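This report refers to the structure that appears directly beneath it.
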Amino acid sequence: MKLYRFLSEEDTSAFCHKVTDALNKGWELYGTPTQTWDPKANVMRCGQAVTKDVEGTYTPDTKLGAH
C-alpha cells in the first residue's frame, strides 16, 4: 500500500529535522514544499508531503507515523 503524510511545522530547523527524519525512515518527498504566513501565531509555516510504499492493506486505523 502507499501511505501519504503531510508534514508541517513553523519555519525553523525543527521543520527540516522533521522532514529529514521521515526521509531517513524511507519516506519520499511528494511534490514541492509549501510556505505560508500564519497571522494568528505571527510565524511562517512550512509543509511537505511525503509518501511511502509498505506491506499491508490500508484501513483508517493505520498509524502513518509508525511506518
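Ligands are numbered from 1 in the order shown, chains are lettered A, B, ... in the order of the C-alpha cells, and residues start at 1 in each chain.
Those residues that approach range 1-16 of chain A to within 7 Å, counting only C-alpha atoms, are Val19, Thr20, Val43, Met44, Arg45, Cys46, Gly47, Gln48, Ala49, Val50, Thr51, Lys52, Asp53, Val54, Glu55, Gly56, Thr57, Tyr58 and Leu64 of chain A; same-chain residues fewer than 3 positions away are not listed.
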DSSP-assigned strand (DSSP E or B) members of chain A, reported as a VMD selection string: chain A and resid 2 to 10 28 to 38 43 to 53
Same residues, N, CA and C atoms, saved as a tab-separated table (two decimals), in the first residue's frame:
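Result written to result.tsv:
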chain	number	residue	atom	x	y	z
A	2	LYS	N	0.38	2.32	-0.48
A	2	LYS	CA	1.10	3.59	-0.47
A	2	LYS	C	0.51	4.46	0.63
A	3	LEU	N	1.38	4.96	1.50
A	3	LEU	CA	0.96	5.85	2.57
A	3	LEU	C	1.29	7.29	2.20
A	4	TYR	N	0.52	8.22	2.72
A	4	TYR	CA	0.71	9.65	2.46
A	4	TYR	C	0.67	10.40	3.79
A	5	ARG	N	1.59	11.31	3.96
A	5	ARG	CA	1.59	12.19	5.14
A	5	ARG	C	1.91	13.61	4.68
A	6	PHE	N	1.35	14.58	5.39
A	6	PHE	CA	1.72	15.98	5.17
A	6	PHE	C	2.38	16.47	6.44
A	7	LEU	N	3.65	16.80	6.33
A	7	LEU	CA	4.41	17.28	7.48
A	7	LEU	C	4.36	18.81	7.50
A	8	SER	N	4.13	19.39	8.66
A	8	SER	CA	4.12	20.85	8.76
A	8	SER	C	4.74	21.27	10.09
A	9	GLU	N	5.22	22.48	10.09
A	9	GLU	CA	5.92	23.00	11.27
A	9	GLU	C	6.21	24.47	11.03
A	10	GLU	N	6.51	25.19	12.09
A	10	GLU	CA	6.99	26.56	11.92
A	10	GLU	C	8.28	26.53	11.10
A	28	GLU	N	9.42	9.29	0.98
A	28	GLU	CA	9.94	10.03	-0.17
A	28	GLU	C	9.16	11.32	-0.34
A	29	LEU	N	9.87	12.36	-0.75
A	29	LEU	CA	9.21	13.64	-0.99
A	29	LEU	C	8.16	13.49	-2.08
A	30	TYR	N	7.05	14.19	-1.91
A	30	TYR	CA	5.98	14.16	-2.90
A	30	TYR	C	5.58	15.61	-3.17
A	31	GLY	N	5.84	16.07	-4.38
A	31	GLY	CA	5.50	17.45	-4.73
A	31	GLY	C	6.51	18.43	-4.16
A	32	THR	N	6.15	19.69	-4.22
A	32	THR	CA	7.04	20.75	-3.76
A	32	THR	C	6.63	21.21	-2.36
A	33	PRO	N	7.58	21.72	-1.60
A	33	PRO	CA	7.25	22.22	-0.27
A	33	PRO	C	6.38	23.49	-0.38
A	34	THR	N	5.67	23.77	0.69
A	34	THR	CA	4.85	24.98	0.72
A	34	THR	C	5.27	25.84	1.90
A	35	GLN	N	4.92	27.11	1.82
A	35	GLN	CA	5.22	28.03	2.90
A	35	GLN	C	4.09	29.06	2.94
A	36	THR	N	3.63	29.38	4.12
A	36	THR	CA	2.56	30.36	4.26
A	36	THR	C	2.70	31.12	5.57
A	37	TRP	N	2.19	32.32	5.60
A	37	TRP	CA	2.23	33.15	6.80
A	37	TRP	C	1.03	32.82	7.67
A	38	ASP	N	1.26	32.59	8.95
A	38	ASP	CA	0.19	32.35	9.93
A	38	ASP	C	0.02	33.64	10.73
A	43	VAL	N	3.87	33.77	12.60
A	43	VAL	CA	5.03	32.99	12.17
A	43	VAL	C	4.82	32.46	10.75
A	44	MET	N	5.91	32.12	10.10
A	44	MET	CA	5.86	31.45	8.81
A	44	MET	C	5.76	29.96	9.07
A	45	ARG	N	4.94	29.25	8.29
A	45	ARG	CA	4.78	27.81	8.42
A	45	ARG	C	5.20	27.14	7.11
A	46	CYS	N	5.82	25.97	7.24
A	46	CYS	CA	6.25	25.19	6.09
A	46	CYS	C	5.51	23.87	6.06
A	47	GLY	N	5.38	23.30	4.88
A	47	GLY	CA	4.75	21.99	4.73
A	47	GLY	C	5.39	21.21	3.60
A	48	GLN	N	5.38	19.88	3.74
A	48	GLN	CA	5.93	19.00	2.72
A	48	GLN	C	5.18	17.68	2.77
A	49	ALA	N	4.67	17.25	1.62
A	49	ALA	CA	4.03	15.95	1.53
A	49	ALA	C	5.09	14.88	1.31
A	50	VAL	N	4.87	13.71	1.92
A	50	VAL	CA	5.76	12.56	1.74
A	50	VAL	C	4.91	11.31	1.54
A	51	THR	N	5.46	10.34	0.82
A	51	THR	CA	4.77	9.07	0.60
A	51	THR	C	5.72	7.92	0.88
A	52	LYS	N	5.13	6.73	1.10
A	52	LYS	CA	5.94	5.55	1.37
A	52	LYS	C	5.16	4.31	0.97
A	53	ASP	N	5.82	3.38	0.28
A	53	ASP	CA	5.22	2.09	-0.05
A	53	ASP	C	5.57	1.10	1.06
Residues flagged alpha helix (DSSP H) by DSSP in chain A, as a list in words: Ser13, Ala14, Phe15, Cys16, His17, Lys18, Val19, Thr20, Asp21, Ala22, Leu23 and Asn24 of chain A
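The space between CA of Asp21 in chain A and CA of Asn42 in chain A spans 26.2 Å.
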